[in-house]
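K.L.:
The structure under discussion is supplied below as structure tokens; questions concerning it will follow.
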Amino acid sequence: MMLFPEITADILSRLPVKSLKRFRCVSKSWCKEIDSPYFINTHLKRSSQAHTHLNLILRDATNLCTVDLDSPDFTSIELKNNPLKSDDCATEVMGSCNGLLALLNSDFSIALYNPSTREKKMIPVSPLELPNDLDDSKVSSLFNFYGFGHDPINEDYKVVRFIHFYGDSPDGFFHCEVKVYSLKSNSWKRIDDYPYDLRFILPPDYHPRCRRGYGVFANSAVHWKATVVGKGKENGSDLIVAFDLGAEEFKIIPQPDYSSNEHEMNVGVLGGCLCVFCNKNCKQVEIWVMKEYGVKESWTHLCTVIAQLQVKAFWLHARPLAYSKGGDKILLELDNRFFVWYDLRRRKSKIIRIRGAPPIFIAEICVGSLVTLNGGGEGQTSGKDTQEKRKTRKKRFDMDFEPNMAVDVI
């Protein structure tokens with residue numbers, strides 16, 4: 001039985017990348033449809049809305065592994081085509097966005113990689129630049145901070161790198177270098193240094209010092225936890241520092257009104273929204289989600305997860321990673337060793353057993369996507385993809401759908 005093209009395209013847009021790669025061979029029309037920028041964006045949007053086609057990326061001291069969260073059998077599989085694989089240094093995941101991973105190893109090589117399609121791109125190295133009146137002898141230490149995400153204004157993927165240089169000045173800090181890499185131009189550019197015009201909200205001679213090396217991406221910006229530092233010491237105040245990838249500028253994000261200040265705060269992403277999670281007394285974590293980006297009043301208390309004896313009596317650090325397909329559970333990572341599903345309605349946790357997982361790991365979430373690396377943008381819309389063609393595809397794809405609808409493919 002033949003299906004209408006719009007029905008075929010609608011069914012295809014719900015399938016995992018592994019199936020789509022096979023179905024490209026069915027016919028020229030299917031191959032053309034699956035490779036089209038509109039289809040790539042529609043597939044990504046539906047996966048994100050339905051919380052489907054999610055993968056855990058696990059990093060240990062030597063390898064990167066992936067776990068398909070849609071599979072009934074959670075098994076860790078090594079990513080054998082890791083573009084930065086080396087026997088001498090580990091590969092770290094500095095960020096995940098729209099199915100792309102930004103990878104870094106200890107010799108500062110950087111690559112962008114789509115683990116679903118195995119497409120990869122090495123990023124050119126950008127040297128450090130000190131002001132003319134400074135030399136290496138005055139630098140006692142430096143700290144690198146990275147972020148990766150999508151710039152929807154310019155339809156580009158970007159890596160931001162800023163480096164704090166510390167020396168013998170009274171507050172220990174004297175310089176910051178900020179550079180941004182653009183996939184579209186395949187080049188780095190220097191931008192204004194870390195915005196110490198933010199000082200208008202800080203005490204005199206104080207500045208933010210980021211505490212997390214790799215930022216988290218949400219709402220077109222990369223976010224880090226920072227501590228207010230001045231005169232050689234911290235003053236105990238935590239900040240959320242964001243870098244807007246479109247405007248290419250830093251800003252401070254307001255925080256929720258916590259129930260108490262006796263916690264360890266950090267930032268994350270849940271369902272595409274910025275979140276904060278506050279670990280308290282090694283026995284519970286309080287999770288907040290920002291429903292309307294940048295609006296303090298939109299912070300919503302999602303849940304407080306309390307340690308349960310049947311799962312793990314206590315932990316040092318719990319981190320939310322993703323929602324389940326139904327949106328009624330959240331995936332938590334505990335102490336870089338365990339995963340649990342936490343049921344938001346029943347307020348109960350269930351530990352996840354992953355076969356072949358390393359004993360200690362760092363985890364990231366990556367959605368399976370067809371996004372390419374040939375020049376930036378979500379689906380890399382080409383010049384041939386005219387406005388009229390996009391309207392035609394939009395009519396074909398703009399159909400109501402249920403996120404949890406099952407599609408059987410024979």
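Letters A, B, ... go to the chains of the structure tokens in the order shown; residues in each chain start at 1; ligands are counted from 1 in the same order.
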I want to know what sits within 7 Å of A:Ile306, based on only C-alpha atoms, with residues of the same chain fewer than 3 positions away left out; could you give that as a ChimeraX atom specification?
P.N.:
/A:283-285
K.L.:
With all heavy atoms kept, could you save the residues just selected as a PDB file, in the first residue's frame?
P.N.:
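Written output follows (again39.pdb):
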```pdb
ATOM      1  N   LYS A 283      22.324  14.285  51.548  1.00  0.00           N
ATOM      2  CA  LYS A 283      21.140  13.442  51.640  1.00  0.00           C
ATOM      3  C   LYS A 283      19.976  13.917  50.784  1.00  0.00           C
ATOM      4  O   LYS A 283      18.985  13.196  50.647  1.00  0.00           O
ATOM      5  CB  LYS A 283      20.679  13.332  53.094  1.00  0.00           C
ATOM      6  CG  LYS A 283      21.614  12.519  53.976  1.00  0.00           C
ATOM      7  CD  LYS A 283      21.016  12.296  55.349  1.00  0.00           C
ATOM      8  CE  LYS A 283      21.921  11.417  56.203  1.00  0.00           C
ATOM      9  NZ  LYS A 283      21.336  11.164  57.552  1.00  0.00           N
ATOM     10  N   GLN A 284      20.049  15.104  50.209  1.00  0.00           N
ATOM     11  CA  GLN A 284      18.954  15.556  49.377  1.00  0.00           C
ATOM     12  C   GLN A 284      19.429  16.600  48.377  1.00  0.00           C
ATOM     13  O   GLN A 284      20.472  17.235  48.563  1.00  0.00           O
ATOM     14  CB  GLN A 284      17.812  16.124  50.227  1.00  0.00           C
ATOM     15  CG  GLN A 284      18.131  17.441  50.929  1.00  0.00           C
ATOM     16  CD  GLN A 284      16.959  17.938  51.757  1.00  0.00           C
ATOM     17  OE1 GLN A 284      16.378  17.186  52.554  1.00  0.00           O
ATOM     18  NE2 GLN A 284      16.612  19.194  51.600  1.00  0.00           N
ATOM     19  N   VAL A 285      18.658  16.725  47.295  1.00  0.00           N
ATOM     20  CA  VAL A 285      18.957  17.719  46.272  1.00  0.00           C
ATOM     21  C   VAL A 285      17.657  18.427  45.912  1.00  0.00           C
ATOM     22  O   VAL A 285      16.622  17.800  45.695  1.00  0.00           O
ATOM     23  CB  VAL A 285      19.612  17.087  45.030  1.00  0.00           C
ATOM     24  CG1 VAL A 285      18.728  16.023  44.395  1.00  0.00           C
ATOM     25  CG2 VAL A 285      19.962  18.164  43.998  1.00  0.00           C
TER      26      VAL A 285
END
```
K.L.:
Residues at most 6 Å from A:Phe145, counting only C-alpha atoms, excluding those fewer than 6 positions away in the same chain, as a list in words?
P.N.:
Arg161, Phe162, Gly213 and Tyr214 of chain A
K.L.:
Under the rule that only C-alpha atoms are counted, which of A:Asp244, A:Cys282, A:Leu69, A:Phe338 is the nearest residue to A:Glu262?
P.N.:
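Once distances to A:Glu262 are computed over only C-alpha atoms, the minimum belongs to A:Cys282.
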K.L.:
Would you mind reading off the distance between atom CA of A:Leu130 and atom CA of A:His175, one decimal, in Å?
P.N.:
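Computing it gives 8.1 Å between the two atoms.
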K.L.:
Please, what distance in Å, to one decimal, runs between atom CA of A:His43 and atom CA of A:Ser13?
P.N.:
4.8 Å
K.L.:
Can you pull out the residues contacting A:Pro256? Cut-off 9 Å, using only C-alpha atoms, and skip same-chain residues under 5 positions away; I want them as a PyMOL selection string.
P.N.:
chain A and resi 276+288+290+296-301
K.L.:
So that I have them on file, write out the residues from the current selection with N, CA, C and O atoms, as a PDB file, in the first residue's frame.
P.N.:
```pdb
ATOM      1  N   VAL A 276      18.737  24.849  38.209  1.00  0.00           N
ATOM      2  CA  VAL A 276      19.756  24.819  39.249  1.00  0.00           C
ATOM      3  C   VAL A 276      19.433  23.659  40.178  1.00  0.00           C
ATOM      4  O   VAL A 276      18.264  23.317  40.388  1.00  0.00           O
ATOM      5  N   TRP A 288      15.375  23.320  40.775  1.00  0.00           N
ATOM      6  CA  TRP A 288      14.558  24.426  40.291  1.00  0.00           C
ATOM      7  C   TRP A 288      14.714  24.535  38.777  1.00  0.00           C
ATOM      8  O   TRP A 288      15.788  24.294  38.237  1.00  0.00           O
ATOM      9  N   MET A 290      13.885  27.156  35.379  1.00  0.00           N
ATOM     10  CA  MET A 290      13.508  28.499  34.926  1.00  0.00           C
ATOM     11  C   MET A 290      12.588  28.370  33.713  1.00  0.00           C
ATOM     12  O   MET A 290      13.017  28.073  32.613  1.00  0.00           O
ATOM     13  N   LYS A 296      13.244  36.175  36.882  1.00  0.00           N
ATOM     14  CA  LYS A 296      13.447  35.599  38.209  1.00  0.00           C
ATOM     15  C   LYS A 296      12.183  34.924  38.742  1.00  0.00           C
ATOM     16  O   LYS A 296      12.228  33.841  39.339  1.00  0.00           O
ATOM     17  N   GLU A 297      11.028  35.577  38.498  1.00  0.00           N
ATOM     18  CA  GLU A 297       9.769  35.058  39.033  1.00  0.00           C
ATOM     19  C   GLU A 297       9.339  33.743  38.381  1.00  0.00           C
ATOM     20  O   GLU A 297       8.426  33.078  38.873  1.00  0.00           O
ATOM     21  N   SER A 298       9.993  33.374  37.259  1.00  0.00           N
ATOM     22  CA  SER A 298       9.596  32.145  36.580  1.00  0.00           C
ATOM     23  C   SER A 298      10.297  30.899  37.127  1.00  0.00           C
ATOM     24  O   SER A 298      10.007  29.784  36.684  1.00  0.00           O
ATOM     25  N   TRP A 299      11.235  31.093  38.071  1.00  0.00           N
ATOM     26  CA  TRP A 299      11.861  29.921  38.688  1.00  0.00           C
ATOM     27  C   TRP A 299      10.783  29.094  39.383  1.00  0.00           C
ATOM     28  O   TRP A 299       9.998  29.617  40.180  1.00  0.00           O
ATOM     29  N   THR A 300      10.743  27.805  39.069  1.00  0.00           N
ATOM     30  CA  THR A 300       9.740  26.893  39.632  1.00  0.00           C
ATOM     31  C   THR A 300      10.438  25.762  40.362  1.00  0.00           C
ATOM     32  O   THR A 300      11.342  25.114  39.805  1.00  0.00           O
ATOM     33  N   HIS A 301      10.021  25.531  41.606  1.00  0.00           N
ATOM     34  CA  HIS A 301      10.583  24.418  42.366  1.00  0.00           C
ATOM     35  C   HIS A 301      10.018  23.116  41.822  1.00  0.00           C
ATOM     36  O   HIS A 301       8.826  22.851  41.931  1.00  0.00           O
TER      37      HIS A 301
END
```
K.L.:
For each of A:Ile365, A:Leu321, A:Ser71, A:Ala9, take the minimum atom-to-atom distance to A:Tyr38, counting only C-alpha atoms, then give the residue where this is smallest.
P.N.:
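Going through A:Ile365, A:Leu321, A:Ser71, A:Ala9 one by one, the smallest distance to A:Tyr38 is for A:Ala9.
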K.L.:
Would you give me, as a ChimeraX atom specification, the residues in stretch 35-82 of chain A that DSSP reads as strand (DSSP E)?
P.N.:
/A:54-59,64-68,77-78
K.L.:
Selected residues, all heavy atoms, written as an mmCIF file, in the first residue's frame, please.
P.N.:
```cif
data_model
loop_
_atom_site.group_PDB
_atom_site.id
_atom_site.type_symbol
_atom_site.label_atom_id
_atom_site.label_comp_id
_atom_site.auth_asym_id
_atom_site.auth_seq_id
_atom_site.Cartn_x
_atom_site.Cartn_y
_atom_site.Cartn_z
ATOM 1 N N LEU A 54 17.222 9.869 23.137
ATOM 2 C CA LEU A 54 18.256 10.404 24.020
ATOM 3 C C LEU A 54 19.333 9.358 24.276
ATOM 4 O O LEU A 54 19.048 8.163 24.416
ATOM 5 C CB LEU A 54 17.657 10.855 25.353
ATOM 6 C CG LEU A 54 16.694 12.040 25.315
ATOM 7 C CD1 LEU A 54 16.173 12.337 26.713
ATOM 8 C CD2 LEU A 54 17.364 13.281 24.728
ATOM 9 N N ASN A 55 20.570 9.814 24.356
ATOM 10 C CA ASN A 55 21.701 8.940 24.654
ATOM 11 C C ASN A 55 22.512 9.523 25.802
ATOM 12 O O ASN A 55 22.691 10.744 25.887
ATOM 13 C CB ASN A 55 22.611 8.796 23.433
ATOM 14 C CG ASN A 55 21.910 8.176 22.249
ATOM 15 O OD1 ASN A 55 21.768 6.959 22.162
ATOM 16 N ND2 ASN A 55 21.463 9.011 21.319
ATOM 17 N N LEU A 56 22.979 8.640 26.665
ATOM 18 C CA LEU A 56 23.970 9.031 27.664
ATOM 19 C C LEU A 56 25.351 8.904 27.048
ATOM 20 O O LEU A 56 25.659 7.898 26.399
ATOM 21 C CB LEU A 56 23.884 8.110 28.882
ATOM 22 C CG LEU A 56 22.829 8.396 29.950
ATOM 23 C CD1 LEU A 56 22.796 7.251 30.951
ATOM 24 C CD2 LEU A 56 23.108 9.710 30.652
ATOM 25 N N ILE A 57 26.170 9.916 27.219
ATOM 26 C CA ILE A 57 27.575 9.837 26.831
ATOM 27 C C ILE A 57 28.383 9.757 28.121
ATOM 28 O O ILE A 57 28.335 10.662 28.953
ATOM 29 C CB ILE A 57 28.006 11.067 26.008
ATOM 30 C CG1 ILE A 57 27.095 11.253 24.790
ATOM 31 C CG2 ILE A 57 29.456 10.921 25.592
ATOM 32 C CD1 ILE A 57 27.143 10.140 23.781
ATOM 33 N N LEU A 58 29.093 8.648 28.307
ATOM 34 C CA LEU A 58 29.873 8.411 29.526
ATOM 35 C C LEU A 58 31.354 8.523 29.210
ATOM 36 O O LEU A 58 31.844 7.920 28.238
ATOM 37 C CB LEU A 58 29.573 7.024 30.101
ATOM 38 C CG LEU A 58 28.106 6.675 30.357
ATOM 39 C CD1 LEU A 58 27.986 5.277 30.953
ATOM 40 C CD2 LEU A 58 27.445 7.693 31.264
ATOM 41 N N ARG A 59 32.051 9.281 30.025
ATOM 42 C CA ARG A 59 33.497 9.425 29.864
ATOM 43 C C ARG A 59 34.210 8.926 31.097
ATOM 44 O O ARG A 59 33.881 9.323 32.221
ATOM 45 C CB ARG A 59 33.880 10.887 29.635
ATOM 46 C CG ARG A 59 35.386 11.094 29.519
ATOM 47 C CD ARG A 59 35.758 12.549 29.387
ATOM 48 N NE ARG A 59 35.594 13.304 30.621
ATOM 49 C CZ ARG A 59 36.478 13.330 31.612
ATOM 50 N NH1 ARG A 59 37.568 12.583 31.552
ATOM 51 N NH2 ARG A 59 36.270 14.074 32.680
ATOM 52 N N LEU A 64 35.215 7.098 25.596
ATOM 53 C CA LEU A 64 33.862 7.630 25.543
ATOM 54 C C LEU A 64 32.924 6.487 25.204
ATOM 55 O O LEU A 64 33.193 5.694 24.292
ATOM 56 C CB LEU A 64 33.732 8.712 24.469
ATOM 57 C CG LEU A 64 34.375 10.075 24.728
ATOM 58 C CD1 LEU A 64 34.150 10.988 23.522
ATOM 59 C CD2 LEU A 64 33.798 10.721 25.981
ATOM 60 N N CYS A 65 31.811 6.383 25.942
ATOM 61 C CA CYS A 65 30.827 5.338 25.708
ATOM 62 C C CYS A 65 29.448 5.969 25.548
ATOM 63 O O CYS A 65 29.201 7.087 26.007
ATOM 64 C CB CYS A 65 30.785 4.345 26.877
ATOM 65 S SG CYS A 65 32.372 3.536 27.210
ATOM 66 N N THR A 66 28.534 5.252 24.884
ATOM 67 C CA THR A 66 27.181 5.734 24.693
ATOM 68 C C THR A 66 26.177 4.703 25.180
ATOM 69 O O THR A 66 26.420 3.496 25.076
ATOM 70 C CB THR A 66 26.932 6.077 23.208
ATOM 71 O OG1 THR A 66 25.588 6.562 23.058
ATOM 72 C CG2 THR A 66 27.116 4.866 22.316
ATOM 73 N N VAL A 67 25.047 5.193 25.701
ATOM 74 C CA VAL A 67 23.965 4.335 26.188
ATOM 75 C C VAL A 67 22.658 4.866 25.607
ATOM 76 O O VAL A 67 22.315 6.034 25.798
ATOM 77 C CB VAL A 67 23.872 4.330 27.732
ATOM 78 C CG1 VAL A 67 22.755 3.413 28.197
ATOM 79 C CG2 VAL A 67 25.206 3.928 28.352
ATOM 80 N N ASP A 68 21.924 4.005 24.894
ATOM 81 C CA ASP A 68 20.650 4.383 24.290
ATOM 82 C C ASP A 68 19.558 4.309 25.357
ATOM 83 O O ASP A 68 19.215 3.230 25.837
ATOM 84 C CB ASP A 68 20.332 3.441 23.132
ATOM 85 C CG ASP A 68 19.046 3.815 22.399
ATOM 86 O OD1 ASP A 68 18.380 4.782 22.817
ATOM 87 O OD2 ASP A 68 18.709 3.130 21.416
ATOM 88 N N ILE A 77 28.216 1.183 25.183
ATOM 89 C CA ILE A 77 28.978 0.799 23.996
ATOM 90 C C ILE A 77 30.043 1.856 23.731
ATOM 91 O O ILE A 77 29.745 3.052 23.690
ATOM 92 C CB ILE A 77 28.057 0.661 22.771
ATOM 93 C CG1 ILE A 77 26.966 -0.384 23.037
ATOM 94 C CG2 ILE A 77 28.860 0.297 21.529
ATOM 95 C CD1 ILE A 77 25.928 -0.458 21.947
ATOM 96 N N GLU A 78 31.268 1.431 23.539
ATOM 97 C CA GLU A 78 32.351 2.382 23.305
ATOM 98 C C GLU A 78 32.199 3.074 21.955
ATOM 99 O O GLU A 78 31.854 2.441 20.952
ATOM 100 C CB GLU A 78 33.706 1.672 23.346
ATOM 101 C CG GLU A 78 34.892 2.625 23.173
ATOM 102 C CD GLU A 78 36.231 1.923 23.189
ATOM 103 O OE1 GLU A 78 36.264 0.714 23.506
ATOM 104 O OE2 GLU A 78 37.239 2.583 22.858
#
```
K.L.:
List every residue of stretch 21-253 of chain A that DSSP, applied to the backbone of this structure, places in alpha helix (DSSP H), and write the result as JSON, numbers by chain.
P.N.:
{"A": [21, 22, 23, 28, 29, 30, 31, 32, 33, 34, 35, 37, 38, 39, 40, 41, 42, 43, 44, 45, 46, 47, 48, 49, 50]}
K.L.:
Which neighbours of A:Ile40 fall inside 8 Å, counting only C-alpha atoms, when residues of the same chain fewer than 3 positions from it are skipped, and could you give them as a VMD selection string?
P.N.:
chain A and resid 34 to 37 43 to 44 369 to 371 378 to 379
K.L.:
Given only C-alpha atoms as the basis, pick out the residue of A:Ser324, A:Ser47, A:Thr91, A:Ser182 nearest to A:Leu270.
P.N.:
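Closest candidate: A:Ser324.
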